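Here is work-v4.txt, consisting of compact mmCIF, C-alpha atoms and all ligand atoms:
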# COMPACT_ATOMS: atom_id res chain seq x y z
CA MET A 1 9.72 -0.93 -16.26
CA ARG A 2 7.30 -2.85 -14.04
CA LYS A 3 3.71 -1.62 -14.17
CA PRO A 4 2.35 -1.33 -10.62
CA ILE A 5 -0.51 -3.68 -9.80
CA ILE A 6 -3.02 -3.03 -7.03
CA ALA A 7 -5.45 -5.86 -6.32
CA GLY A 8 -8.42 -5.87 -3.95
CA ASN A 9 -9.10 -9.16 -2.21
CA TRP A 10 -12.69 -8.87 -1.01
CA LYS A 11 -12.48 -12.27 0.74
CA MET A 12 -15.88 -13.66 1.86
CA ASN A 13 -17.62 -10.30 1.74
CA LYS A 14 -20.34 -8.63 -0.28
CA ILE A 15 -23.44 -10.15 -1.81
CA ARG A 16 -24.14 -9.17 -5.39
CA PRO A 17 -25.84 -5.77 -4.98
CA ALA A 18 -23.05 -4.52 -2.71
CA ALA A 19 -20.41 -5.97 -5.00
CA VAL A 20 -21.91 -4.24 -8.03
CA GLU A 21 -22.17 -0.96 -6.14
CA LEU A 22 -18.48 -1.05 -5.21
CA ALA A 23 -17.35 -2.16 -8.67
CA GLN A 24 -19.39 0.52 -10.42
CA GLY A 25 -18.15 3.14 -7.97
CA LEU A 26 -14.56 2.17 -8.68
CA VAL A 27 -15.05 2.23 -12.45
CA ASP A 28 -16.38 5.74 -12.10
CA ARG A 29 -13.71 6.95 -9.66
CA LEU A 30 -10.76 5.40 -11.48
CA LYS A 31 -11.72 6.35 -15.06
CA ASP A 32 -8.70 8.59 -15.51
CA VAL A 33 -6.15 6.32 -13.83
CA SER A 34 -3.48 4.98 -16.11
CA GLY A 35 -0.12 3.44 -15.41
CA VAL A 36 -1.50 1.21 -12.65
CA GLU A 37 -3.18 -2.13 -13.17
CA VAL A 38 -6.20 -2.54 -10.90
CA VAL A 39 -7.65 -5.98 -10.17
CA LEU A 40 -10.87 -6.72 -8.29
CA CYS A 41 -11.15 -10.13 -6.64
CA PRO A 42 -14.72 -10.56 -5.37
CA PRO A 43 -16.05 -13.86 -4.01
CA PHE A 44 -16.99 -16.50 -6.63
CA THR A 45 -20.68 -15.70 -6.25
CA ALA A 46 -20.21 -12.10 -7.42
CA LEU A 47 -17.66 -12.68 -10.19
CA ARG A 48 -20.15 -12.53 -13.03
CA GLU A 49 -21.90 -9.39 -11.81
CA VAL A 50 -18.60 -7.63 -11.18
CA ALA A 51 -17.36 -8.72 -14.63
CA LYS A 52 -20.37 -7.01 -16.16
CA SER A 53 -19.87 -3.89 -14.04
CA ILE A 54 -16.25 -3.41 -15.11
CA GLU A 55 -16.71 -4.33 -18.77
CA GLY A 56 -15.17 -1.70 -21.03
CA SER A 57 -13.10 -0.21 -18.18
CA SER A 58 -9.40 -0.75 -17.46
CA LEU A 59 -10.17 -2.74 -14.31
CA ALA A 60 -9.45 -6.47 -14.40
CA LEU A 61 -11.20 -9.35 -12.67
CA GLY A 62 -9.53 -11.90 -10.43
CA ALA A 63 -10.65 -14.87 -8.35
CA GLN A 64 -9.47 -15.64 -4.83
CA ASN A 65 -8.74 -19.32 -5.36
CA MET A 66 -9.28 -22.22 -7.78
CA TYR A 67 -8.93 -25.98 -7.90
CA HIS A 68 -6.34 -27.49 -10.21
CA GLN A 69 -8.55 -30.09 -11.90
CA PRO A 70 -10.49 -28.83 -14.92
CA SER A 71 -13.76 -30.61 -14.03
CA GLY A 72 -15.10 -33.69 -12.28
CA ALA A 73 -16.26 -35.01 -8.94
CA TYR A 74 -14.78 -32.33 -6.66
CA THR A 75 -17.76 -31.15 -4.68
CA GLY A 76 -17.63 -27.48 -3.80
CA GLU A 77 -14.63 -26.63 -5.95
CA VAL A 78 -14.29 -24.16 -8.84
CA SER A 79 -11.93 -24.80 -11.75
CA GLY A 80 -9.73 -22.62 -13.96
CA PRO A 81 -11.92 -23.00 -17.06
CA MET A 82 -14.92 -21.88 -14.96
CA LEU A 83 -13.04 -18.74 -13.93
CA VAL A 84 -12.03 -18.02 -17.52
CA ASP A 85 -15.67 -18.47 -18.52
CA LEU A 86 -16.63 -15.80 -15.95
CA GLY A 87 -14.12 -13.32 -17.33
CA CYS A 88 -11.27 -13.69 -14.83
CA LYS A 89 -7.77 -12.64 -15.83
CA TYR A 90 -6.04 -13.22 -12.48
CA VAL A 91 -6.35 -15.76 -9.69
CA ILE A 92 -4.92 -15.48 -6.18
CA ILE A 93 -3.19 -18.71 -5.19
CA GLY A 94 -1.79 -19.79 -1.84
CA HIS A 95 -3.24 -16.98 0.26
CA SER A 96 -2.25 -17.45 3.91
CA GLU A 97 -5.91 -18.00 4.83
CA ARG A 98 -6.01 -20.90 2.35
CA ARG A 99 -2.78 -22.28 3.80
CA GLU A 100 -4.01 -21.89 7.40
CA TYR A 101 -7.73 -22.76 7.34
CA PHE A 102 -7.83 -25.12 4.36
CA LYS A 103 -4.44 -26.73 4.92
CA GLU A 104 -3.12 -25.93 1.46
CA ASP A 105 0.54 -26.85 1.16
CA ASN A 106 3.23 -25.98 -1.37
CA ALA A 107 2.56 -29.12 -3.42
CA LEU A 108 -1.13 -28.28 -3.91
CA ILE A 109 -0.36 -24.60 -4.48
CA ASN A 110 2.18 -25.60 -7.14
CA LEU A 111 -0.46 -27.71 -8.93
CA LYS A 112 -2.83 -24.74 -8.83
CA VAL A 113 -0.22 -22.34 -10.23
CA LYS A 114 0.50 -24.73 -13.10
CA ALA A 115 -3.18 -25.31 -13.80
CA ALA A 116 -3.95 -21.56 -13.76
CA LEU A 117 -1.21 -20.91 -16.30
CA SER A 118 -2.42 -23.74 -18.51
CA TYR A 119 -5.83 -22.05 -18.79
CA GLY A 120 -4.33 -18.64 -19.50
CA LEU A 121 -5.00 -17.24 -16.02
CA LEU A 122 -2.33 -15.08 -14.38
CA PRO A 123 -1.54 -16.35 -10.86
CA ILE A 124 -0.91 -14.03 -7.93
CA LEU A 125 1.17 -16.34 -5.74
CA CYS A 126 1.11 -15.40 -2.05
CA VAL A 127 4.10 -16.03 0.17
CA GLY A 128 4.84 -14.89 3.69
CA GLU A 129 5.91 -15.84 7.16
CA LYS A 130 4.00 -16.04 10.46
CA LEU A 131 4.94 -13.95 13.49
CA PHE A 132 6.70 -16.76 15.36
CA GLU A 133 8.70 -17.55 12.25
CA ARG A 134 9.82 -13.92 11.94
CA GLU A 135 10.66 -13.78 15.64
CA ALA A 136 12.71 -16.95 15.27
CA GLY A 137 14.70 -15.30 12.46
CA LYS A 138 13.16 -17.64 9.91
CA ALA A 139 11.23 -15.18 7.72
CA GLU A 140 13.50 -15.57 4.69
CA GLU A 141 13.62 -19.34 5.07
CA VAL A 142 9.81 -19.54 4.99
CA VAL A 143 9.47 -17.19 2.04
CA TYR A 144 12.17 -19.16 0.19
CA ASP A 145 10.25 -22.36 0.87
CA HIS A 146 6.96 -20.85 -0.36
CA LEU A 147 8.63 -19.50 -3.49
CA THR A 148 10.60 -22.56 -4.49
CA GLY A 149 7.74 -24.90 -3.58
CA GLY A 150 5.04 -22.89 -5.29
CA LEU A 151 7.11 -22.35 -8.42
CA GLU A 152 8.60 -25.81 -8.78
CA GLY A 153 8.78 -26.81 -12.44
CA ILE A 154 7.57 -23.42 -13.67
CA ALA A 155 9.42 -22.53 -16.86
CA HIS A 156 11.10 -19.20 -17.52
CA GLU A 157 8.43 -18.08 -19.98
CA GLU A 158 5.64 -18.99 -17.55
CA MET A 159 7.27 -17.14 -14.67
CA SER A 160 6.94 -13.85 -16.48
CA ARG A 161 3.16 -14.27 -16.22
CA ILE A 162 3.15 -14.68 -12.43
CA VAL A 163 2.79 -11.93 -9.82
CA ILE A 164 4.22 -12.57 -6.35
CA ALA A 165 2.45 -11.15 -3.30
CA TYR A 166 4.59 -10.90 -0.16
CA GLU A 167 2.16 -10.99 2.72
CA PRO A 168 3.62 -11.37 6.21
CA VAL A 169 0.83 -13.26 7.97
CA TRP A 170 1.19 -11.20 11.15
CA ALA A 171 0.29 -8.07 9.17
CA ILE A 172 -2.87 -9.38 7.53
CA GLY A 173 -6.03 -7.88 9.00
CA THR A 174 -4.22 -6.92 12.18
CA GLY A 175 -3.54 -3.25 11.51
CA LYS A 176 0.19 -4.01 11.83
CA THR A 177 2.10 -3.22 8.66
CA ALA A 178 5.65 -4.21 7.95
CA THR A 179 7.80 -1.09 7.89
CA PRO A 180 8.57 -0.01 4.33
CA GLU A 181 12.20 -0.95 5.01
CA ASP A 182 11.33 -4.48 6.22
CA ALA A 183 8.97 -5.00 3.28
CA GLU A 184 11.59 -3.71 0.83
CA ALA A 185 14.22 -6.02 2.32
CA MET A 186 11.98 -9.04 1.79
CA HIS A 187 11.04 -7.95 -1.73
CA LEU A 188 14.73 -7.70 -2.52
CA PHE A 189 15.25 -11.18 -1.08
CA ILE A 190 12.42 -12.48 -3.29
CA ARG A 191 14.03 -10.88 -6.34
CA LYS A 192 17.39 -12.41 -5.43
CA THR A 193 15.76 -15.82 -5.06
CA LEU A 194 14.11 -15.43 -8.48
CA THR A 195 17.51 -14.50 -9.91
CA GLN A 196 18.92 -17.75 -8.54
CA MET A 197 15.97 -19.77 -9.82
CA TYR A 198 15.78 -18.08 -13.24
CA ASP A 199 17.98 -15.12 -14.14
CA ARG A 200 18.52 -11.47 -13.33
CA GLU A 201 16.54 -10.10 -16.24
CA LEU A 202 13.48 -12.18 -15.42
CA ALA A 203 13.72 -11.34 -11.71
CA ARG A 204 13.85 -7.64 -12.55
CA GLY A 205 10.64 -7.93 -14.55
CA VAL A 206 8.52 -9.82 -12.00
CA ARG A 207 6.01 -7.70 -10.12
CA ILE A 208 6.04 -8.17 -6.35
CA GLN A 209 3.10 -6.84 -4.36
CA TYR A 210 3.10 -6.15 -0.65
CA GLY A 211 0.07 -7.19 1.38
CA GLY A 212 -0.78 -6.71 5.05
CA SER A 213 -2.95 -3.89 6.41
CA VAL A 214 -2.33 -1.64 3.40
CA LYS A 215 -4.34 1.56 3.81
CA PRO A 216 -4.53 5.05 2.34
CA GLY A 217 -2.22 6.16 5.17
CA ASN A 218 0.67 3.81 4.37
CA ILE A 219 0.45 3.08 0.64
CA ASP A 220 2.58 6.06 -0.40
CA VAL A 221 5.60 5.14 1.70
CA LEU A 222 5.34 1.49 0.69
CA MET A 223 5.15 2.33 -3.02
CA ALA A 224 8.13 4.65 -2.70
CA GLU A 225 10.33 1.57 -2.14
CA PRO A 226 12.05 0.48 -5.35
CA ASP A 227 11.12 -3.20 -5.18
CA ILE A 228 7.49 -2.82 -4.09
CA ASP A 229 5.44 -2.95 -7.27
CA GLY A 230 1.93 -2.82 -5.89
CA ALA A 231 -0.32 -4.09 -3.16
CA LEU A 232 -2.71 -6.91 -2.40
CA VAL A 233 -5.31 -5.18 -0.27
CA GLY A 234 -7.84 -6.94 1.95
CA GLY A 235 -9.93 -4.88 4.39
CA ALA A 236 -9.33 -1.49 2.79
CA SER A 237 -10.42 -2.80 -0.62
CA LEU A 238 -14.00 -3.11 0.65
CA ASP A 239 -14.36 0.65 0.95
CA LEU A 240 -14.68 2.78 -2.17
CA ASN A 241 -12.82 5.83 -0.87
CA SER A 242 -10.00 3.83 0.69
CA PHE A 243 -9.36 1.62 -2.30
CA ALA A 244 -9.60 4.50 -4.77
CA ARG A 245 -7.02 6.42 -2.72
CA ILE A 246 -4.73 3.40 -2.53
CA VAL A 247 -4.84 3.09 -6.34
CA ARG A 248 -3.96 6.79 -6.56
CA PHE A 249 -0.81 6.34 -4.48
CA GLU A 250 1.86 8.98 -4.60
CA ALA A 251 5.11 7.08 -4.58
CA ASN A 252 7.24 10.17 -4.22
CA SER A 253 5.67 11.69 -1.15
C1 LIG B 1 -5.04 -9.94 2.38
O1 LIG B 1 -5.95 -10.62 2.78
O2 LIG B 1 -4.44 -10.29 1.36
C2 LIG B 1 -4.68 -8.75 3.13
C3 LIG B 1 -3.52 -8.21 2.91
O3 LIG B 1 -5.60 -8.29 4.05
P1 LIG B 1 -5.55 -6.90 4.86
O4 LIG B 1 -5.25 -5.82 3.86
O5 LIG B 1 -6.92 -6.75 5.45
O6 LIG B 1 -4.47 -7.02 5.87

Full structure transcribed into structure tokens:
Amino acid sequence: MRKPIIAGNWKMNKIRPAAVELAQGLVDRLKDVSGVEVVLCPPFTALREVAKSIEGSSLALGAQNMYHQPSGAYTGEVSGPMLVDLGCKYVIIGHSERREYFKEDNALINLKVKAALSYGLLPILCVGEKLFEREAGKAEEVVYDHLTGGLEGIAHEEMSRIVIAYEPVWAIGTGKTATPEDAEAMHLFIRKTLTQMYDRELARGVRIQYGGSVKPGNIDVLMAEPDIDGALVGGASLDLNSFARIVRFEANS
């Protein structure tokens, strides 16, 4: 049985007082929630404060990115050991905004995934096609490339510690969500690809999140799909009521 995982990617938002307010609000509002793993991914600058705010709760801390080297002359970068030191359990790797604005490619993303695992961090590996790629009928090809490239050389045992986030780029921050059927079809394709790369049992155990304009109004139908195991939430994770409602999805409605 895969435990659903809902992660909030706060992106470059919230200075420390606002971050603490949201984190404390969520701890309070989600006290009774069980059976769903909840991860907060604030910006680097608020990681420590949020770590303190969620201490003793069931909420976990994640970072939005990391560099693969452990230390050294890499001005402006943050390493895996630094994230571990701050209390992170998860790290988002290969988000489409990293791929687009910071020119991250599969080779670099693969190094980051390997480095994260080596420090005991659990990677959330993002994959997903752009609109023109979908329109050209190439969505699966792109997702296959992101998966095989990002996971190259990752052993069977390591793969069970990775979460995949399927995020069609055209649905991120645009208000356009993939239909539950389209998202489910791609999640199934991802699971099939993992079966080819590893085996059926492993593929069945890997959690695959959907990301792209997830909101209180669409989370229930998305989570009702058998291969959607959670969500990576951007915009709606910045609002206490919205994120709390998303975590309290009703998959059967
Ligand atoms: C994201 O950035 O991962 C994301 C899915 O953003 P949004 O929910 O705002 O579309």

Please identify all polymer residues within 8 Å of stretch 239-243 of chain A, counting only C-alpha atoms, omitting same-chain residues fewer than 5 positions from it, and present them as a count of residues only. 6

List all protein, DNA and RNA residues that have an atom no more than 10 Å from any atom of ligand LIG 1 (chain B), counting only C-alpha atoms and all ligand atoms, and report them as a ChimeraX atom specification. /A:7-11,64,92,95-97,126,165-177,209-215,231-238

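The two atoms in question, atom CA of A:Thr45 and atom CA of A:Ile15, are spaced 7.6 Å apart.
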
Taking into account all atoms listed in the file, which residue in the set A:Val20, A:Met1, A:Arg204, A:Val50 is nearest to A:Gly35? A:Met1

Quick check, in Å to one decimal: how far apart do atom CA of A:Gln69 and atom CA of A:Ala116 lie? 9.9 Å

Work out how far apart atom CA of A:Lys14 and atom CA of A:Ala51 are and give it in Å to one decimal. 14.7 Å

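The point (1.7, -29.7, -6.7) has these residues within 12 Å of it when only C-alpha atoms are used: Tyr67, His68, Gln69, Gly94, Glu104, Asp105, Asn106, Ala107, Leu108, Ile109, Asn110, Leu111, Lys112, Val113, Lys114, Ala115, Thr148, Gly149, Gly150, Leu151, Glu152, Gly153 and Ile154 of chain A.
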
Can I get the selection written as an mmCIF file, keeping the file's coordinate frame, with C-alpha atoms?
data_model
loop_
_atom_site.group_PDB
_atom_site.id
_atom_site.type_symbol
_atom_site.label_atom_id
_atom_site.label_comp_id
_atom_site.auth_asym_id
_atom_site.auth_seq_id
_atom_site.Cartn_x
_atom_site.Cartn_y
_atom_site.Cartn_z
ATOM 1 C CA TYR A 67 -8.930 -25.980 -7.900
ATOM 2 C CA HIS A 68 -6.340 -27.490 -10.210
ATOM 3 C CA GLN A 69 -8.550 -30.090 -11.900
ATOM 4 C CA GLY A 94 -1.790 -19.790 -1.840
ATOM 5 C CA GLU A 104 -3.120 -25.930 1.460
ATOM 6 C CA ASP A 105 0.540 -26.850 1.160
ATOM 7 C CA ASN A 106 3.230 -25.980 -1.370
ATOM 8 C CA ALA A 107 2.560 -29.120 -3.420
ATOM 9 C CA LEU A 108 -1.130 -28.280 -3.910
ATOM 10 C CA ILE A 109 -0.360 -24.600 -4.480
ATOM 11 C CA ASN A 110 2.180 -25.600 -7.140
ATOM 12 C CA LEU A 111 -0.460 -27.710 -8.930
ATOM 13 C CA LYS A 112 -2.830 -24.740 -8.830
ATOM 14 C CA VAL A 113 -0.220 -22.340 -10.230
ATOM 15 C CA LYS A 114 0.500 -24.730 -13.100
ATOM 16 C CA ALA A 115 -3.180 -25.310 -13.800
ATOM 17 C CA THR A 148 10.600 -22.560 -4.490
ATOM 18 C CA GLY A 149 7.740 -24.900 -3.580
ATOM 19 C CA GLY A 150 5.040 -22.890 -5.290
ATOM 20 C CA LEU A 151 7.110 -22.350 -8.420
ATOM 21 C CA GLU A 152 8.600 -25.810 -8.780
ATOM 22 C CA GLY A 153 8.780 -26.810 -12.440
ATOM 23 C CA ILE A 154 7.570 -23.420 -13.670
#

Considering all atoms listed in the file, return as a PDB file with C-alpha atoms, in the frame of the given file whatever protein or nucleic-acid residues lie within 7 Å of A:Pro180, sequence-local ones (same chain, fewer than 4 positions apart) excluded.
ATOM      1  CA  GLU A 184      11.590  -3.710   0.830  1.00  0.00           C
ATOM      2  CA  VAL A 221       5.600   5.140   1.700  1.00  0.00           C
ATOM      3  CA  LEU A 222       5.340   1.490   0.690  1.00  0.00           C
ATOM      4  CA  GLU A 225      10.330   1.570  -2.140  1.00  0.00           C
TER       5      GLU A 225
END

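The smallest atom-to-atom distance between A:Arg245 and any of A:Ala178, A:Gly217, A:His187, A:Ile208, using all atoms listed in the file, is found for A:Gly217.
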
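Minimum atom-to-atom distance to A:Glu250, evaluated using all atoms listed in the file, belongs to A:Val36 out of A:Val36, A:Ala60, A:Met82, A:Met12.
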
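Of the residues under consideration (A:Val142, A:Leu122, A:Ala203, A:Leu40), A:Leu122 shows the shortest atom-to-atom contact distance to A:Arg161 when counting all atoms listed in the file.
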
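Residue nearest A:Phe249 within the list A:Ala19, A:Arg207, A:Met186, A:Ile5: A:Ile5 [criterion: smallest interatomic distance, only C-alpha atoms].
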
Which protein, DNA or RNA residues are at most 9 Å from (-8.8, -7.9, -9.5) in the file's coordinates when you count only C-alpha atoms, listed as a PDB file with C-alpha atoms, in the coordinates of the input?
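The file below, selection.pdb, is the result:
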ATOM      1  CA  ILE A   6      -3.020  -3.030  -7.030  1.00  0.00           C
ATOM      2  CA  ALA A   7      -5.450  -5.860  -6.320  1.00  0.00           C
ATOM      3  CA  GLY A   8      -8.420  -5.870  -3.950  1.00  0.00           C
ATOM      4  CA  ASN A   9      -9.100  -9.160  -2.210  1.00  0.00           C
ATOM      5  CA  GLU A  37      -3.180  -2.130 -13.170  1.00  0.00           C
ATOM      6  CA  VAL A  38      -6.200  -2.540 -10.900  1.00  0.00           C
ATOM      7  CA  VAL A  39      -7.650  -5.980 -10.170  1.00  0.00           C
ATOM      8  CA  LEU A  40     -10.870  -6.720  -8.290  1.00  0.00           C
ATOM      9  CA  CYS A  41     -11.150 -10.130  -6.640  1.00  0.00           C
ATOM     10  CA  PRO A  42     -14.720 -10.560  -5.370  1.00  0.00           C
ATOM     11  CA  LEU A  59     -10.170  -2.740 -14.310  1.00  0.00           C
ATOM     12  CA  ALA A  60      -9.450  -6.470 -14.400  1.00  0.00           C
ATOM     13  CA  LEU A  61     -11.200  -9.350 -12.670  1.00  0.00           C
ATOM     14  CA  GLY A  62      -9.530 -11.900 -10.430  1.00  0.00           C
ATOM     15  CA  ALA A  63     -10.650 -14.870  -8.350  1.00  0.00           C
ATOM     16  CA  CYS A  88     -11.270 -13.690 -14.830  1.00  0.00           C
ATOM     17  CA  LYS A  89      -7.770 -12.640 -15.830  1.00  0.00           C
ATOM     18  CA  TYR A  90      -6.040 -13.220 -12.480  1.00  0.00           C
ATOM     19  CA  VAL A  91      -6.350 -15.760  -9.690  1.00  0.00           C
TER      20      VAL A  91
END

How would stretch 179-207 of chain A read, as an mmCIF file, in the frame of the given file, once N, CA and C atoms are built in?
data_model
loop_
_atom_site.group_PDB
_atom_site.id
_atom_site.type_symbol
_atom_site.label_atom_id
_atom_site.label_comp_id
_atom_site.auth_asym_id
_atom_site.auth_seq_id
_atom_site.Cartn_x
_atom_site.Cartn_y
_atom_site.Cartn_z
ATOM 1 N N THR A 179 7.270 -2.410 8.235
ATOM 2 C CA THR A 179 7.800 -1.090 7.890
ATOM 3 C C THR A 179 8.175 -1.149 6.405
ATOM 4 N N PRO A 180 8.171 -0.003 5.733
ATOM 5 C CA PRO A 180 8.570 -0.010 4.330
ATOM 6 C C PRO A 180 9.943 -0.636 4.146
ATOM 7 N N GLU A 181 10.835 -0.411 5.122
ATOM 8 C CA GLU A 181 12.200 -0.950 5.010
ATOM 9 C C GLU A 181 12.195 -2.475 5.117
ATOM 10 N N ASP A 182 11.402 -3.012 6.070
ATOM 11 C CA ASP A 182 11.330 -4.480 6.220
ATOM 12 C C ASP A 182 10.695 -5.111 4.984
ATOM 13 N N ALA A 183 9.639 -4.468 4.470
ATOM 14 C CA ALA A 183 8.970 -5.000 3.280
ATOM 15 C C ALA A 183 9.943 -4.964 2.104
ATOM 16 N N GLU A 184 10.642 -3.847 1.942
ATOM 17 C CA GLU A 184 11.590 -3.710 0.830
ATOM 18 C C GLU A 184 12.682 -4.790 0.936
ATOM 19 N N ALA A 185 13.151 -5.022 2.152
ATOM 20 C CA ALA A 185 14.220 -6.020 2.320
ATOM 21 C C ALA A 185 13.725 -7.399 1.866
ATOM 22 N N MET A 186 12.483 -7.729 2.204
ATOM 23 C CA MET A 186 11.980 -9.040 1.790
ATOM 24 C C MET A 186 11.715 -9.084 0.281
ATOM 25 N N HIS A 187 11.250 -7.983 -0.277
ATOM 26 C CA HIS A 187 11.040 -7.950 -1.730
ATOM 27 C C HIS A 187 12.368 -8.154 -2.467
ATOM 28 N N LEU A 188 13.404 -7.550 -1.917
ATOM 29 C CA LEU A 188 14.730 -7.700 -2.520
ATOM 30 C C LEU A 188 15.188 -9.156 -2.411
ATOM 31 N N PHE A 189 14.894 -9.766 -1.267
ATOM 32 C CA PHE A 189 15.250 -11.180 -1.080
ATOM 33 C C PHE A 189 14.495 -12.055 -2.093
ATOM 34 N N ILE A 190 13.219 -11.717 -2.323
ATOM 35 C CA ILE A 190 12.420 -12.480 -3.290
ATOM 36 C C ILE A 190 13.033 -12.321 -4.687
ATOM 37 N N ARG A 191 13.429 -11.106 -5.014
ATOM 38 C CA ARG A 191 14.030 -10.880 -6.340
ATOM 39 C C ARG A 191 15.357 -11.627 -6.470
ATOM 40 N N LYS A 192 16.113 -11.669 -5.400
ATOM 41 C CA LYS A 192 17.390 -12.410 -5.430
ATOM 42 C C LYS A 192 17.123 -13.898 -5.628
ATOM 43 N N THR A 193 16.100 -14.393 -4.934
ATOM 44 C CA THR A 193 15.760 -15.820 -5.060
ATOM 45 C C THR A 193 15.316 -16.122 -6.500
ATOM 46 N N LEU A 194 14.542 -15.222 -7.087
ATOM 47 C CA LEU A 194 14.110 -15.430 -8.480
ATOM 48 C C LEU A 194 15.301 -15.371 -9.437
ATOM 49 N N THR A 195 16.287 -14.555 -9.081
ATOM 50 C CA THR A 195 17.510 -14.500 -9.910
ATOM 51 C C THR A 195 18.216 -15.846 -9.871
ATOM 52 N N GLN A 196 18.286 -16.420 -8.670
ATOM 53 C CA GLN A 196 18.920 -17.750 -8.540
ATOM 54 C C GLN A 196 18.129 -18.807 -9.302
ATOM 55 N N MET A 197 16.817 -18.733 -9.209
ATOM 56 C CA MET A 197 15.970 -19.770 -9.820
ATOM 57 C C MET A 197 15.881 -19.602 -11.342
ATOM 58 N N TYR A 198 15.918 -18.357 -11.801
ATOM 59 C CA TYR A 198 15.780 -18.080 -13.240
ATOM 60 C C TYR A 198 17.002 -17.268 -13.661
ATOM 61 N N ASP A 199 16.838 -15.997 -13.869
ATOM 62 C CA ASP A 199 17.980 -15.120 -14.140
ATOM 63 C C ASP A 199 17.631 -13.701 -13.746
ATOM 64 N N ARG A 200 18.637 -12.835 -13.823
ATOM 65 C CA ARG A 200 18.520 -11.470 -13.330
ATOM 66 C C ARG A 200 17.463 -10.675 -14.112
ATOM 67 N N GLU A 201 17.462 -10.874 -15.407
ATOM 68 C CA GLU A 201 16.540 -10.100 -16.240
ATOM 69 C C GLU A 201 15.088 -10.462 -15.896
ATOM 70 N N LEU A 202 14.835 -11.761 -15.765
ATOM 71 C CA LEU A 202 13.480 -12.180 -15.420
ATOM 72 C C LEU A 202 13.100 -11.636 -14.032
ATOM 73 N N ALA A 203 14.009 -11.792 -13.076
ATOM 74 C CA ALA A 203 13.720 -11.340 -11.710
ATOM 75 C C ALA A 203 13.415 -9.849 -11.668
ATOM 76 N N ARG A 204 14.093 -9.097 -12.494
ATOM 77 C CA ARG A 204 13.850 -7.640 -12.550
ATOM 78 C C ARG A 204 12.483 -7.303 -13.098
ATOM 79 N N GLY A 205 11.924 -8.202 -13.910
ATOM 80 C CA GLY A 205 10.640 -7.930 -14.550
ATOM 81 C C GLY A 205 9.434 -8.399 -13.741
ATOM 82 N N VAL A 206 9.659 -9.261 -12.745
ATOM 83 C CA VAL A 206 8.520 -9.820 -12.000
ATOM 84 C C VAL A 206 7.957 -8.773 -11.024
ATOM 85 N N ARG A 207 6.636 -8.657 -11.032
ATOM 86 C CA ARG A 207 6.010 -7.700 -10.120
ATOM 87 C C ARG A 207 5.781 -8.353 -8.755
#
